[in-house]
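See structure below.
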Amino acid sequence: MSVEKSKHRCIVCGRVFPSGQGIIINIEDLTLKFHSNRCFSKFTRELLKKIPPQEIKGYAKRLLEEYSELLSQRAKLKSKKI
Ligand SMILES: [Zn+2]
């Protein structure tokens with residue numbers, strides 16, 4: 001008996017892709033499947049447009065702070081090495 005590889009279907013373009021490829025996002029009981037980064041970002045951009053700005057702003061700001069913290073840590077590490 002061969003091991004059956006599960007297949008997924010991209011929700012944006014309908015392309016079928018095997019497990020281990022593509023991007024699969026689970027939000028509680030909702031599963032979003034994307035065969036490529038391109039389909040993922042297309043969907044995400046649409047999603048962001050639909051979320052009220054006041055709801056998303058706080059999360060975006062927090063994430064922005066996390067990234068700028070990472071960047072400054074990386075810059076410090078770089079300057080130590082030189
Ligand atoms: Zn796709």
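Labeling convention for the structure tokens: chains A, B, ... as they appear, residues from 1 per chain, ligands from 1 in order of appearance.
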Check the DSSP output for the backbone and give back, as a ChimeraX atom specification, the residues of region 3-71 of chain A in helix (DSSP H, G or I). /A:37-50,53-71
Around ligand 1, at most 10 Å away and counting only C-alpha atoms and all ligand atoms, which residues are there? Put them as a tab-separated table (two decimals) with N, CA and C atoms, in the first residue's frame, please.
```
chain	number	residue	atom	x	y	z
A	9	ARG	N	-5.99	22.32	-3.02
A	9	ARG	CA	-6.36	23.17	-4.15
A	9	ARG	C	-6.23	24.64	-3.73
A	10	CYS	N	-5.52	25.39	-4.54
A	10	CYS	CA	-5.34	26.82	-4.29
A	10	CYS	C	-6.69	27.53	-4.38
A	11	ILE	N	-7.01	28.30	-3.35
A	11	ILE	CA	-8.32	28.96	-3.32
A	11	ILE	C	-8.37	30.17	-4.26
A	12	VAL	N	-7.22	30.62	-4.72
A	12	VAL	CA	-7.20	31.80	-5.60
A	12	VAL	C	-7.26	31.40	-7.08
A	13	CYS	N	-6.42	30.45	-7.50
A	13	CYS	CA	-6.36	30.10	-8.93
A	13	CYS	C	-6.87	28.70	-9.23
A	14	GLY	N	-7.11	27.89	-8.20
A	14	GLY	CA	-7.66	26.55	-8.40
A	14	GLY	C	-6.63	25.48	-8.70
A	15	ARG	N	-5.36	25.84	-8.77
A	15	ARG	CA	-4.31	24.86	-9.06
A	15	ARG	C	-4.18	23.85	-7.92
A	16	VAL	N	-3.95	22.60	-8.27
A	16	VAL	CA	-3.78	21.55	-7.26
A	16	VAL	C	-2.29	21.41	-6.95
A	17	PHE	N	-1.96	21.31	-5.67
A	17	PHE	CA	-0.56	21.17	-5.27
A	17	PHE	C	-0.44	20.17	-4.12
A	22	GLY	N	3.43	25.13	-1.32
A	22	GLY	CA	2.40	26.15	-1.14
A	22	GLY	C	2.32	26.64	0.29
A	23	ILE	N	1.28	27.39	0.55
A	23	ILE	CA	1.10	28.02	1.86
A	23	ILE	C	-0.27	27.63	2.38
A	33	LYS	N	-5.78	27.83	1.53
A	33	LYS	CA	-4.69	27.16	0.82
A	33	LYS	C	-4.28	27.95	-0.41
A	34	PHE	N	-2.96	28.16	-0.53
A	34	PHE	CA	-2.42	28.92	-1.67
A	34	PHE	C	-1.28	28.13	-2.29
A	35	HIS	N	-1.25	28.01	-3.61
A	35	HIS	CA	-0.20	27.22	-4.23
A	35	HIS	C	1.12	27.99	-4.32
A	36	SER	N	1.04	29.33	-4.27
A	36	SER	CA	2.26	30.13	-4.40
A	36	SER	C	2.17	31.41	-3.57
A	37	ASN	N	3.34	32.03	-3.39
A	37	ASN	CA	3.40	33.32	-2.70
A	37	ASN	C	2.56	34.37	-3.41
A	38	ARG	N	2.51	34.27	-4.74
A	38	ARG	CA	1.78	35.25	-5.53
A	38	ARG	C	0.28	35.19	-5.19
A	39	CYS	N	-0.28	33.98	-5.16
A	39	CYS	CA	-1.69	33.83	-4.83
A	39	CYS	C	-1.95	34.24	-3.39
A	40	PHE	N	-1.00	33.92	-2.50
A	40	PHE	CA	-1.13	34.29	-1.09
A	40	PHE	C	-1.17	35.81	-0.93
A	42	LYS	N	-1.90	38.04	-3.21
A	42	LYS	CA	-3.10	38.58	-3.86
A	42	LYS	C	-4.29	38.53	-2.89
A	43	PHE	N	-4.45	37.36	-2.26
A	43	PHE	CA	-5.54	37.17	-1.31
A	43	PHE	C	-5.37	38.09	-0.09
```
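These are the residues of chain A assigned strand (DSSP E) by DSSP from backbone coordinates: Lys7, His8, Arg9, Val16, Phe17, Pro18, Ile23, Ile24, Ile25, Asn26, Ile27, Leu30, Thr31, Leu32, Lys33 and Phe34 of chain A.
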Since we have the selection now, will you write its residues out, keeping C-alpha atoms, as a short mmCIF file (atom, residue, chain, number, x, y, z; two decimals), in the first residue's frame?
```
data_model
loop_
_atom_site.label_atom_id
_atom_site.label_comp_id
_atom_site.auth_asym_id
_atom_site.auth_seq_id
_atom_site.Cartn_x
_atom_site.Cartn_y
_atom_site.Cartn_z
CA LYS A 7 -3.41 17.21 -2.44
CA HIS A 8 -4.58 20.72 -1.89
CA ARG A 9 -6.36 23.17 -4.15
CA VAL A 16 -3.78 21.55 -7.26
CA PHE A 17 -0.56 21.17 -5.27
CA PRO A 18 0.91 18.47 -2.99
CA ILE A 23 1.10 28.02 1.86
CA ILE A 24 -1.59 26.72 4.18
CA ILE A 25 -3.08 29.01 6.80
CA ASN A 26 -5.37 27.72 9.54
CA ILE A 27 -7.62 30.20 11.31
CA LEU A 30 -11.08 27.88 8.49
CA THR A 31 -8.32 26.63 6.18
CA LEU A 32 -6.86 28.84 3.47
CA LYS A 33 -4.69 27.16 0.82
CA PHE A 34 -2.42 28.92 -1.67
#
```
